[in-house]
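J.: This one is upload_23.tsv, TSV, C-alpha atoms.
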```tsv
chain	number	residue	atom	x	y	z
A	1	PHE	CA	0.00	0.00	0.00
A	2	PHE	CA	1.23	3.51	-0.83
A	3	PHE	CA	0.41	5.34	2.34
A	4	VAL	CA	1.76	8.65	1.00
A	5	LEU	CA	-0.94	8.94	-1.71
A	6	GLN	CA	-3.83	8.24	0.66
A	7	PRO	CA	-5.74	10.89	2.63
A	8	PRO	CA	-4.83	11.23	6.31
A	9	ASP	CA	-8.10	9.75	7.60
A	10	GLN	CA	-7.74	6.62	5.43
A	11	LEU	CA	-4.08	6.32	6.44
A	12	CYS	CA	-5.07	6.18	10.09
A	13	MET	CA	-7.69	3.57	9.22
A	14	LEU	CA	-5.01	1.44	7.47
A	15	THR	CA	-2.72	1.62	10.48
A	16	ARG	CA	-5.58	0.34	12.64
A	17	LEU	CA	-6.22	-2.53	10.21
A	18	LEU	CA	-2.61	-3.75	10.01
A	19	PRO	CA	-3.02	-6.38	12.79
A	20	SER	CA	-6.06	-7.85	11.03
A	21	LEU	CA	-4.18	-7.90	7.71
A	22	ARG	CA	-1.31	-9.80	9.33
A	23	ALA	CA	-3.79	-12.28	10.81
A	24	ALA	CA	-5.32	-12.87	7.38
A	25	ARG	CA	-2.01	-14.43	6.09
A	26	LEU	CA	-2.56	-13.69	2.41
A	27	PRO	CA	-1.23	-16.28	-0.05
A	28	ARG	CA	1.49	-15.34	-2.52
A	29	GLN	CA	-0.86	-15.78	-5.52
A	30	PRO	CA	-4.44	-14.75	-4.52
A	31	SER	CA	-7.42	-16.20	-6.34
A	32	ARG	CA	-9.56	-14.35	-8.93
A	33	ALA	CA	-12.30	-13.76	-6.40
A	34	LEU	CA	-9.87	-11.90	-4.16
A	35	LEU	CA	-8.49	-9.84	-7.08
A	36	SER	CA	-11.97	-8.84	-8.30
A	37	ALA	CA	-13.13	-7.80	-4.85
A	38	THR	CA	-13.56	-4.04	-4.42
A	39	PRO	CA	-10.83	-2.53	-2.18
A	40	PHE	CA	-12.22	-1.43	1.11
A	41	TRP	CA	-10.69	2.09	0.85
A	42	HIS	CA	-12.96	2.86	-2.20
A	43	ARG	CA	-16.13	2.19	-0.21
A	44	THR	CA	-18.19	5.11	1.09
A	45	ALA	CA	-18.90	3.63	4.49
A	46	ALA	CA	-16.07	2.97	6.90
A	47	PRO	CA	-15.53	-0.80	7.05
A	48	SER	CA	-15.30	-2.65	10.32
A	49	VAL	CA	-12.14	-4.31	11.56
A	50	ALA	CA	-13.44	-7.80	10.80
A	51	GLN	CA	-14.47	-7.08	7.18
A	52	PRO	CA	-10.96	-6.99	5.59
A	53	ALA	CA	-10.06	-10.24	7.30
A	54	MET	CA	-13.24	-11.85	5.96
A	55	LEU	CA	-12.62	-10.50	2.45
A	56	LEU	CA	-8.97	-11.43	2.33
A	57	ARG	CA	-9.29	-14.87	3.96
A	58	PRO	CA	-8.25	-17.64	1.50
A	59	PRO	CA	-10.88	-20.21	0.60
A	60	ALA	CA	-11.00	-23.27	2.85
A	61	VAL	CA	-9.45	-26.35	1.32
A	62	THR	CA	-10.99	-29.62	2.43
A	63	PRO	CA	-8.32	-32.30	2.88
A	64	ALA	CA	-8.68	-35.59	1.06
A	65	PRO	CA	-10.15	-38.37	3.21
A	66	PRO	CA	-7.48	-40.77	4.53
A	67	ILE	CA	-7.29	-44.29	3.21
A	68	ALA	CA	-9.05	-46.59	5.63
A	69	GLY	CA	-6.67	-48.99	7.37
A	70	ALA	CA	-3.43	-47.60	5.80
A	71	SER	CA	-1.87	-46.29	9.02
A	72	ARG	CA	-3.10	-49.31	10.93
A	73	GLN	CA	-1.45	-51.69	8.47
A	74	ARG	CA	1.80	-49.74	8.62
A	75	SER	CA	1.86	-49.71	12.42
A	76	GLN	CA	0.93	-53.39	12.50
A	77	LYS	CA	3.80	-54.20	10.14
A	78	GLN	CA	6.26	-52.23	12.25
A	79	SER	CA	5.06	-53.89	15.44
A	80	ASN	CA	5.41	-57.34	13.85
A	81	LYS	CA	8.99	-56.56	12.82
A	82	LEU	CA	9.81	-55.32	16.31
A	83	ARG	CA	8.20	-58.39	17.86
A	84	GLN	CA	10.23	-60.71	15.63
A	85	LYS	CA	13.41	-58.84	16.49
A	86	ARG	CA	12.70	-59.14	20.20
A	87	MET	CA	11.95	-62.84	19.88
A	88	ALA	CA	15.19	-63.45	17.97
A	89	HIS	CA	17.40	-61.32	20.22
A	90	PRO	CA	15.68	-60.70	23.58
A	91	ARG	CA	18.78	-59.37	25.34
A	92	ARG	CA	19.83	-57.20	22.40
A	93	SER	CA	16.36	-55.65	22.05
A	94	LYS	CA	16.31	-54.84	25.77
A	95	ARG	CA	19.76	-53.28	25.47
A	96	ASP	CA	18.62	-51.16	22.51
A	97	ALA	CA	15.52	-50.00	24.37
A	98	MET	CA	17.62	-48.98	27.37
A	99	ALA	CA	20.06	-47.12	25.09
A	100	ARG	CA	17.18	-45.17	23.50
A	101	ARG	CA	16.00	-44.09	26.94
A	102	GLY	CA	19.51	-43.13	28.02
A	103	ILE	CA	19.79	-45.91	30.63
A	104	LYS	CA	23.18	-47.55	30.95
A	105	PRO	CA	23.12	-51.36	31.17
A	106	GLN	CA	23.97	-52.67	34.61
A	107	GLN	CA	27.38	-54.33	34.68
A	108	PRO	CA	27.65	-57.70	36.45
A	109	LEU	CA	29.51	-57.84	39.73
A	110	PRO	CA	33.10	-59.06	39.25
A	111	ASP	CA	33.95	-62.47	40.62
A	112	TRP	CA	36.50	-61.17	43.11
A	113	LYS	CA	33.78	-59.05	44.76
A	114	TRP	CA	31.13	-61.79	44.82
A	115	GLY	CA	30.51	-62.85	48.41
A	116	ILE	CA	27.34	-64.98	48.42
A	117	PHE	CA	27.60	-68.67	47.58
A	118	ALA	CA	25.38	-71.73	47.64
A	119	ARG	CA	24.22	-73.02	51.04
A	120	ASP	CA	24.68	-69.60	52.70
A	121	GLU	CA	21.96	-68.25	55.00
A	122	VAL	CA	20.78	-64.87	53.69
A	123	ALA	CA	18.02	-62.34	54.34
A	124	VAL	CA	16.24	-60.95	51.28
A	125	TYR	CA	14.92	-57.37	51.31
A	126	HIS	CA	12.85	-55.36	48.84
A	127	GLY	CA	13.71	-51.82	49.84
A	128	LYS	CA	13.00	-51.65	53.57
A	129	ARG	CA	10.55	-54.55	53.49
A	130	LYS	CA	11.92	-57.96	54.40
A	131	MET	CA	10.83	-60.65	51.95
A	132	GLY	CA	12.15	-63.51	54.03
A	133	GLN	CA	15.18	-65.52	55.05
A	134	GLY	CA	16.45	-68.77	53.61
A	135	LYS	CA	19.27	-70.85	52.21
A	136	VAL	CA	20.87	-70.01	48.88
A	137	LEU	CA	20.16	-72.71	46.30
A	138	ARG	CA	22.32	-71.47	43.43
A	139	VAL	CA	23.84	-68.25	42.04
A	140	ASP	CA	24.45	-66.78	38.58
A	141	HIS	CA	27.48	-64.48	38.40
A	142	ALA	CA	26.89	-63.33	34.80
A	143	ARG	CA	23.40	-62.00	35.59
A	144	SER	CA	23.96	-61.14	39.30
A	145	ARG	CA	21.01	-63.33	40.29
A	146	VAL	CA	20.51	-65.46	43.41
A	147	TRP	CA	17.94	-68.21	44.07
A	148	VAL	CA	16.88	-68.43	47.74
A	149	GLU	CA	14.84	-71.27	49.20
A	150	GLY	CA	11.22	-70.25	49.84
A	151	ILE	CA	11.60	-66.72	48.40
A	152	LYS	CA	9.67	-65.41	45.38
A	153	LEU	CA	7.76	-68.59	44.59
A	154	ARG	CA	6.18	-68.70	41.13
A	155	GLU	CA	4.46	-71.24	38.92
A	156	PHE	CA	6.62	-72.84	36.24
A	157	ALA	CA	5.64	-75.48	33.71
A	158	THR	CA	7.10	-78.88	34.48
A	159	GLU	CA	9.74	-80.24	32.15
A	160	GLU	CA	7.64	-83.29	31.23
A	161	SER	CA	4.59	-81.26	30.22
A	162	ALA	CA	6.68	-78.64	28.38
A	163	ASN	CA	8.38	-81.34	26.28
A	164	ASP	CA	5.16	-83.28	25.67
A	165	PRO	CA	4.75	-83.85	21.90
A	166	ASP	CA	0.95	-83.78	22.20
A	167	PRO	CA	-0.11	-80.09	22.15
A	168	SER	CA	-3.68	-80.89	23.17
A	169	ARG	CA	-2.68	-81.88	26.70
A	170	PRO	CA	-2.76	-79.03	29.22
A	171	LEU	CA	0.45	-77.87	30.86
A	172	GLU	CA	1.23	-78.90	34.40
A	173	TYR	CA	2.68	-76.29	36.73
A	174	GLU	CA	4.76	-76.45	39.87
A	175	LEU	CA	5.89	-73.88	42.43
A	176	ARG	CA	9.57	-73.01	42.21
A	177	GLU	CA	11.81	-70.22	43.43
A	178	ASP	CA	12.49	-67.34	41.07
A	179	SER	CA	15.73	-65.35	41.16
A	180	VAL	CA	16.34	-62.11	43.05
A	181	HIS	CA	19.10	-59.57	42.49
A	182	TYR	CA	22.38	-59.88	44.34
A	183	SER	CA	21.94	-56.47	45.97
A	184	GLN	CA	18.74	-57.65	47.72
A	185	CYS	CA	20.57	-60.36	49.69
A	186	ASN	CA	22.50	-59.90	52.93
A	187	LEU	CA	24.36	-62.51	54.92
A	188	ILE	CA	23.33	-63.26	58.50
A	189	ASP	CA	25.72	-62.21	61.25
A	190	PRO	CA	26.51	-65.26	63.43
A	191	VAL	CA	26.82	-63.05	66.55
A	192	ASP	CA	23.37	-61.41	66.74
A	193	GLY	CA	21.50	-63.04	63.83
A	194	ARG	CA	20.87	-59.77	61.96
A	195	ARG	CA	21.79	-58.93	58.40
A	196	THR	CA	25.24	-57.57	57.70
A	197	ARG	CA	27.52	-56.54	54.88
A	198	LEU	CA	30.79	-58.31	54.26
A	199	ARG	CA	34.38	-57.54	53.39
A	200	TRP	CA	37.15	-59.75	52.08
A	201	ARG	CA	40.26	-60.00	54.27
A	202	TYR	CA	43.40	-62.14	54.35
A	203	LEU	CA	44.55	-64.23	57.30
A	204	PRO	CA	48.22	-64.48	58.33
A	205	ASP	CA	48.51	-67.83	56.57
A	206	GLY	CA	47.35	-66.22	53.27
A	207	ARG	CA	43.76	-67.51	53.18
A	208	ARG	CA	41.08	-65.16	51.84
A	209	VAL	CA	38.02	-65.11	54.12
A	210	ARG	CA	34.78	-63.18	54.52
A	211	VAL	CA	34.41	-60.85	57.50
A	212	ALA	CA	31.11	-59.40	58.79
A	213	VAL	CA	31.11	-55.61	58.90
A	214	ARG	CA	28.63	-55.56	61.78
A	215	SER	CA	30.57	-57.57	64.34
A	216	GLY	CA	33.89	-58.45	62.68
A	217	ALA	CA	33.21	-62.19	62.89
A	218	LEU	CA	34.37	-64.61	60.24
A	219	LEU	CA	31.79	-65.90	57.76
A	220	PRO	CA	33.09	-69.31	56.64
A	221	ARG	CA	31.64	-71.02	53.60
A	222	VAL	CA	29.28	-73.93	54.25
A	223	PRO	CA	30.81	-77.21	52.98
A	224	PRO	CA	28.72	-79.39	50.67
A	225	PRO	CA	26.80	-82.24	52.32
A	226	PRO	CA	28.26	-85.75	52.07
A	227	PRO	CA	26.80	-87.96	49.33
A	228	ASP	CA	24.01	-90.34	50.27
A	229	GLU	CA	25.87	-93.38	48.91
A	230	PRO	CA	29.64	-93.57	49.42
A	231	ARG	CA	31.43	-93.78	46.10
A	232	GLU	CA	34.19	-96.28	45.52
A	233	PHE	CA	37.39	-94.50	44.61
A	234	PRO	CA	39.09	-95.29	42.35
A	235	ARG	CA	36.37	-96.80	40.20
A	236	TRP	CA	37.55	-99.99	38.56
A	237	SER	CA	36.12	-103.05	36.90
A	238	GLU	CA	37.45	-106.62	36.97
A	239	ARG	CA	36.49	-107.11	33.36
A	240	LEU	CA	38.56	-104.13	32.19
A	241	THR	CA	41.50	-104.60	34.62
A	242	THR	CA	44.63	-106.48	33.55
A	243	PRO	CA	45.62	-109.29	35.96
A	244	ARG	CA	48.72	-108.76	38.06
A	245	ASP	CA	50.58	-111.79	36.62
A	246	ALA	CA	50.07	-110.47	33.07
A	247	VAL	CA	51.40	-107.05	34.09
A	248	LEU	CA	54.56	-108.48	35.69
A	249	GLU	CA	55.25	-110.90	32.84
A	250	ARG	CA	58.30	-109.95	30.80
A	251	THR	CA	57.35	-109.90	27.16
A	252	ASN	CA	59.99	-107.59	25.71
A	253	ILE	CA	62.92	-109.91	25.03
A	254	ALA	CA	65.84	-108.24	23.33
A	255	PRO	CA	67.23	-109.98	20.19
A	256	GLN	CA	70.75	-111.52	20.07
A	257	TRP	CA	72.27	-108.72	17.96
A	258	ALA	CA	71.04	-106.10	20.46
A	259	LYS	CA	72.70	-107.94	23.34
A	260	GLN	CA	76.04	-108.10	21.48
A	261	ARG	CA	75.96	-104.36	20.76
A	262	VAL	CA	75.29	-103.57	24.37
```
Have the structure of the file written as structure tokens, please.

T.:
Amino acid sequence: FFFVLQPPDQLCMLTRLLPSLRAARLPRQPSRALLSATPFWHRTAAPSVAQPAMLLRPPAVTPAPPIAGASRQRSQKQSNKLRQKRMAHPRRSKRDAMARRGIKPQQPLPDWKWGIFARDEVAVYHGKRKMGQGKVLRVDHARSRVWVEGIKLREFATEESANDPDPSRPLEYELREDSVHYSQCNLIDPVDGRRTRLRWRYLPDGRRVRVAVRSGALLPRVPPPPPDEPREFPRWSERLTTPRDAVLERTNIAPQWAKQRV
């Protein structure tokens, strides 16, 4: 607009209408209807503030209707691919998900720091709540998991029913202990029977032992129980054993020429 060529009263009117003109957001190439419209400054009556915006508003364009089921099929295909990837590599998919969220994977505890072994008496805690106390059945150093007797019981399918070739038969379940994290377990102090942390120390003779932080008492490892049936050691069989007379019999007789050379 050439504001210099317009009368002063119309110039003031244009300055008041600038915000509405900015809100109209005119397209770069207006349509014929907009070009043929009479400019509002040629009208006899003073236009309202809303009239230029209504005149200069571009025609509404109705978007094309979306294809039914297209986005659903695409999302379903992506979810199937992700599900197949997780089934093929469960640990890798979990690692990738943690990396996307910015969570660092938890490193396993090194073997020289591991202080809980099978047959130890431990107390299991979930935060400040005590889950129970029991004997350690087995441990997994690579995953930092511990199985405690009577703690975290869950239903697992029996091996016979899981390997049954007939799929029509229902699965049979049994209660077994599930694993807990190593950090949830604490050894029992032999002095007062409460949970305690441990430290590794060396005795004067060079042995590496566990020491309770609470009382300073030694925490020796529990030896394995003796077998139910005593094993014969060494194992031998009369059928596969050479008789003593055959062992002592001299069968390597040197020839005459070997005796002369000697």

J.: Any idea what's packed within 12 Å of A:Pro190, counting all atoms listed in the file, ignoring anything in its chain fewer than 2 positions away? Could you give it as a list of chain:residue names?

T.: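 Neighbouring residues, sequence-local ones excluded: A:Asp120, A:Glu121, A:Val122, A:Leu187, A:Ile188, A:Asp192, A:Gly193, A:Arg194, A:Arg195, A:Thr196, A:Val211, A:Ala212, A:Val213, A:Arg214, A:Ser215, A:Gly216, A:Ala217, A:Leu218, A:Leu219, A:Pro220.
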
J.: Could you name the residues that touch stretch 98-111 of chain A at 10 Å or less, counting only C-alpha atoms, but leaving out those on the same chain fewer than 4 positions away, as a PyMOL selection string?

T.: chain A and resi 92-94+115+140-145+182-183

J.: Rounded to one decimal, what separation in Å do you get between atom CA of A:Pro204 and atom CA of A:Arg221?

T.: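 Between atom CA of A:Pro204 and atom CA of A:Arg221 the gap works out to 18.4 Å.
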
J.: If you measure from atom CA of A:Trp147 to atom CA of A:Asn186, what distance in Å do you get, rounded to one decimal?

T.: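 Here the two named atoms are 13.0 Å from each other.
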
J.: What is the distance between atom CA of A:Gly134 and atom CA of A:Arg154, in Å to one decimal?

T.: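 Interatomic distance here is 16.2 Å.
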